[in-house]
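Written below as structure tokens is the structure these notes are about.
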Amino acid sequence: MSIDLGSGTYVLDAAATLDASTAGRRVTDLLRAVIGEPMGLAFPESATGTSAAVSIMITDNAETDTDEAYRLEVAADGIGIHAGSELAAMHAVQTLAQLLAGAAREPAGGWRLPQLRLADAPRFRWRGGMLDVSRHFMPVEFVLHFIDLLAAYKFTVLHLHLTDDQGWRLEVPGYPRLTDVGAWRPHTAIGHARDQPDDHEIHDGTSHSGYYSAADIERIVGHAWARGVEIVPEIDMPGHMQAAIAAYPTLGNLEPGSLEQLPGVRTQWGISEHVLNLEPETMAFCRDVIDAVVAVFPGRYLHLGGDECPTEQWRTSPQTTRRLAELGLTPETAQSWFLDEVAQHARDHGRRVLGWDEIVDGAAIPAGTVVMSWRDEQGGLRAARAGHEVVMTPASHTYFDHYQGTDEATEPLAIGGPLDLRTVYHYEPIPAALEPEFRSRVLGSQFQIWTEYIQTPEQVEYMMFPRALALAEVLWSGRGDDADFLDRRVPIHLARLADNGVHGRPGP
Ligand code: TNX
């Protein structure tokens with residue numbers, strides 16, 4: 001970003017007219033939603049032949065959102081936005097909203113802005129946040145609000161972790177039990193497993209449930225589009241599937257007849273041994289689920305998980321042992337085979353497939369697969385060198401479910417950590433060990449909010465802020481000065497967020 005501050009000022013008030021004739025409705029609707037409504041500015045259209053107070057010009061490729069660069073000028077006679085795409089113009093609107101949030105209110109009405117010229121473009125194109133709505137379901141209204149928060153800080157990806165052992169959160173036509181059974185658990189473990197007596201689960205004694213209907217997803221998708229956010233839905237397979245197996249036991253590896261051992265929806269955290277089997281019917285189920293996801297989520301990507309899949313049941317189940325032999329596979333090679341099968345189906349729908357970095361542990365993965373490197377940087381390095389695009393999501397720097405402070409006693413219970421604000425601010429998404437010729441394969445990064453220990457929307461906000469501010473800056477403009485960010489700008493943003501009812505973690 002470059003910014004030239006002028007010496008004069010400009011007052012934006014209720015009389016301000018708008019010329020956005022080259023911009024789409026999405027841009028003007030955003031302007032009205034994030035500036036017009038909260039500040040009481042109506043932005044009437046300027047009459048033909050007169051110059052508008054605010055003009056938004058989309059310069060070239062309005063139909064592609066790949067060009068995110070924009071210029072914003074506050075001059076003596078008005079405000080001008082020049083953008084290479086609709087998405088870029090939307091970023092400019094968010095910047096203007098930030099400038100106005102810091103502007104002085106005029107006694108006669110309106111806001112006084114400094115004159116300036118600003119040219120801005122992101123360093124990385126993948127800037128996102130992952131929300132786990134399986135471990136704790138998050139209501140639709142909050143997902144919409146989460147999208148607003150992402151967009152305000154120019155994140156353009158919402159990765160929705162929709163299914164896991166502890167809950168299935170998406171309605172799938174033809175499989176009513178996925179939500180009737182799989183979206184519900186009778187109780188939830190409390191505290192850390194390490195603090196619990198052996199085999200004795202201390203639980204909260206209340207049920208937990210929730211899922212999104214097709215109509216809910218339509219609202220979420222529509223709102224994301226309106227904010228310039230792309231949703232990346234994730235259906236985690238073949239592990240992390242206990243909720244689906246609870247709903248349809250024939251997806252699992254336990255023999256029929258051993259009914260008493262069949263798992264319910266998981267009520268504890270940690271990794272489940274209940275994984276999908278490899279039968280043709282199970283593969284057909286996965287294809288049906290992919291069809292259902294593709295039908296309601298219009299984005300370019302589909303995340304198929306692929307993390308943490310214990311192979312124990314594939315070794316011990318007689319049925320799966322037979323199936324492995326039939327397919328000429330071993331328990332070690334089965335996971336890559338599985339991913340190839342389901343990924344091909346997603347590609348047949350024109351989707352780019354994503355997976356967590358375990359998918360590069362086995363055989364070579366199909367070209368075009370995008371890898372999320374979460375355990376450390378190694379998966380990302382391997383994948384980038386092998387020709388794949390990667391999103392860097394190392395737990396050490398992007399797991400916002402970790403404690404924010406080193407004194408656990410003063411923080412709400414969290415899964416582990418810590419990961420403090422300064423560490424996030426110092427995160428460099430391009431691994432130092434990556435050879436220059438492969439660096440363009442690092443698309444960017446995203447923060448993860450896994451919700452084992454995060455039960456409410458308020459708690460999501462607390463874990464998100466201020467750390468999301470740090471990652472937003474790392475990904476958009478690159479890290480600035482520590483003191484300026486940590487001591488000056490973070491408190492300003494936390495205060496503004498609090499004014500809007502969003503309570504991050506205060507203090508350093
Ligand atoms: C690892 S990251 C997981 C998640 C947990 C998370 C908790 C990944 C692909 N798997 O299932 O929620 O750690 O931090």
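Residues are referred to by chain and number: the chain letter is A, B, ... according to the order shown in the structure tokens, the number counts from 1 in that chain, and ligands are numbered separately from 1 in the order shown.
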
Report as a Markdown table the residues of chain A within 10 Å of ligand 1, each with its shortest atom pair and distance in Å (one decimal), using only C-alpha atoms and all ligand atoms, ordered by chain and increasing residue number.
```
| residue | atom | partner | partner_atom_place_in_ligand_line | distance |
| --- | --- | --- | --- | --- |
| A:Asp132 | CA | ligand 1 | 12 (O) | 7.7 |
| A:Ser134 | CA | ligand 1 | 12 (O) | 9.5 |
| A:Arg135 | CA | ligand 1 | 12 (O) | 7.9 |
| A:His161 | CA | ligand 1 | 11 (O) | 9.5 |
| A:Asp164 | CA | ligand 1 | 11 (O) | 7.7 |
| A:Asp165 | CA | ligand 1 | 11 (O) | 9.0 |
| A:Asp236 | CA | ligand 1 | 9 (C) | 8.7 |
| A:Gly239 | CA | ligand 1 | 11 (O) | 9.8 |
| A:His240 | CA | ligand 1 | 11 (O) | 7.4 |
| A:Trp269 | CA | ligand 1 | 12 (O) | 8.0 |
| A:Gly270 | CA | ligand 1 | 11 (O) | 7.4 |
| A:Ile271 | CA | ligand 1 | 11 (O) | 7.3 |
| A:Ser272 | CA | ligand 1 | 11 (O) | 9.9 |
| A:Gly305 | CA | ligand 1 | 9 (C) | 6.8 |
| A:Gly306 | CA | ligand 1 | 9 (C) | 7.6 |
| A:Asp307 | CA | ligand 1 | 9 (C) | 4.9 |
| A:Glu308 | CA | ligand 1 | 10 (N) | 6.4 |
| A:Cys309 | CA | ligand 1 | 10 (N) | 9.8 |
| A:Gly355 | CA | ligand 1 | 9 (C) | 8.5 |
| A:Trp356 | CA | ligand 1 | 9 (C) | 5.5 |
| A:Asp357 | CA | ligand 1 | 9 (C) | 7.8 |
| A:Glu358 | CA | ligand 1 | 9 (C) | 8.4 |
| A:Met372 | CA | ligand 1 | 9 (C) | 8.4 |
| A:Ser373 | CA | ligand 1 | 9 (C) | 8.8 |
| A:Trp374 | CA | ligand 1 | 2 (S) | 5.9 |
| A:Arg375 | CA | ligand 1 | 2 (S) | 7.2 |
| A:Thr393 | CA | ligand 1 | 2 (S) | 8.6 |
| A:Pro394 | CA | ligand 1 | 2 (S) | 8.7 |
| A:Ala395 | CA | ligand 1 | 14 (O) | 7.2 |
| A:Thr398 | CA | ligand 1 | 14 (O) | 10.0 |
| A:Tyr399 | CA | ligand 1 | 14 (O) | 6.4 |
| A:Phe400 | CA | ligand 1 | 14 (O) | 8.4 |
| A:Asp401 | CA | ligand 1 | 14 (O) | 6.2 |
| A:His402 | CA | ligand 1 | 14 (O) | 7.2 |
| A:Ala414 | CA | ligand 1 | 14 (O) | 9.4 |
| A:Ile415 | CA | ligand 1 | 14 (O) | 6.5 |
| A:Gly416 | CA | ligand 1 | 14 (O) | 7.6 |
| A:Gly417 | CA | ligand 1 | 14 (O) | 9.0 |
| A:Gln448 | CA | ligand 1 | 2 (S) | 8.2 |
| A:Ile449 | CA | ligand 1 | 14 (O) | 8.1 |
| A:Trp450 | CA | ligand 1 | 12 (O) | 4.8 |
| A:Thr451 | CA | ligand 1 | 12 (O) | 6.8 |
| A:Glu452 | CA | ligand 1 | 12 (O) | 6.5 |
| A:Tyr453 | CA | ligand 1 | 7 (C) | 9.3 |
```

Close residues, stretch 316-322 of chain A itself excluded, 12 Å, only C-alpha atoms, min 5 positions apart in chain, as a JSON list (two decimals) with C-alpha atoms, in the first residue's frame:
```
[["chain", "number", "residue", "atom", "x", "y", "z"],
["A", 250, "THR", "CA", -23.03, -49.54, 7.12],
["A", 251, "LEU", "CA", -20.59, -46.73, 6.24],
["A", 252, "GLY", "CA", -18.31, -47.93, 9.03],
["A", 253, "ASN", "CA", -16.11, -50.94, 9.61],
["A", 254, "LEU", "CA", -17.97, -52.79, 12.34],
["A", 255, "GLU", "CA", -19.62, -56.09, 11.37],
["A", 256, "PRO", "CA", -23.40, -56.18, 11.25],
["A", 258, "SER", "CA", -22.11, -56.32, 16.62],
["A", 273, "GLU", "CA", -11.09, -44.68, 15.23],
["A", 274, "HIS", "CA", -14.44, -44.86, 13.43],
["A", 275, "VAL", "CA", -13.60, -44.13, 9.80],
["A", 276, "LEU", "CA", -15.40, -44.89, 6.55],
["A", 277, "ASN", "CA", -15.07, -48.32, 5.00],
["A", 278, "LEU", "CA", -14.13, -48.68, 1.32],
["A", 279, "GLU", "CA", -17.20, -50.48, -0.02],
["A", 280, "PRO", "CA", -18.71, -49.37, -3.35],
["A", 282, "THR", "CA", -19.75, -45.98, 0.74],
["A", 310, "PRO", "CA", -6.43, -43.91, 11.76],
["A", 311, "THR", "CA", -6.11, -47.18, 9.80],
["A", 327, "LEU", "CA", -8.63, -53.44, -4.66],
["A", 328, "GLY", "CA", -4.97, -54.45, -4.36],
["A", 329, "LEU", "CA", -4.45, -51.95, -1.55],
["A", 330, "THR", "CA", -2.87, -51.93, 1.89],
["A", 331, "PRO", "CA", -4.14, -49.94, 4.88],
["A", 334, "ALA", "CA", -5.99, -46.93, 0.96]]
```

| request: Apply DSSP to the backbone of this structure and, from stretch 267-476 of chain A, keep only the residues in alpha helix (DSSP H); write these as a ChimeraX atom specification. | output: /A:280-296,312-316,318-327,331-348,378-385,395-398,421-425,457-464,467-476

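For the residues A:Val371, A:Val140, A:Ala183, A:Ala151, ranking by smallest atom-to-atom distance to A:Glu218 using only C-alpha atoms places A:Val140 first.
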
Which residues of stretch 347-419 of chain A come within 7 Å of stretch 441-446 of chain A, and what is each one's closest atom pair and distance in Å (one decimal), counting only C-alpha atoms, sorted by chain and residue number, as JSON lines?
```
{"residue": "A:Ala384", "atom": "CA", "partner": "A:Arg441", "partner_atom": "CA", "distance": 5.9}
{"residue": "A:His388", "atom": "CA", "partner": "A:Arg441", "partner_atom": "CA", "distance": 6.7}
{"residue": "A:Glu389", "atom": "CA", "partner": "A:Arg441", "partner_atom": "CA", "distance": 4.6}
{"residue": "A:Val390", "atom": "CA", "partner": "A:Val442", "partner_atom": "CA", "distance": 5.0}
{"residue": "A:Val391", "atom": "CA", "partner": "A:Ser445", "partner_atom": "CA", "distance": 5.2}
{"residue": "A:Met392", "atom": "CA", "partner": "A:Ser445", "partner_atom": "CA", "distance": 4.8}
{"residue": "A:Thr393", "atom": "CA", "partner": "A:Ser445", "partner_atom": "CA", "distance": 5.8}
{"residue": "A:Thr398", "atom": "CA", "partner": "A:Gln446", "partner_atom": "CA", "distance": 6.7}
```

| task | List every residue of stretch 232-472 of chain A that DSSP, applied to the backbone of this structure, places in strand (DSSP E or B), and write the result as a VMD selection string. | result | chain A and resid 232 to 237 301 to 305 352 to 356 370 to 373 390 to 392 399 442 to 449

| field | Contacts of A:Glu171 at 9 Å (only C-alpha atoms; same-chain gap of 4+ positions) as a ChimeraX atom specification | value | /A:175-176,178-179,211-214,292
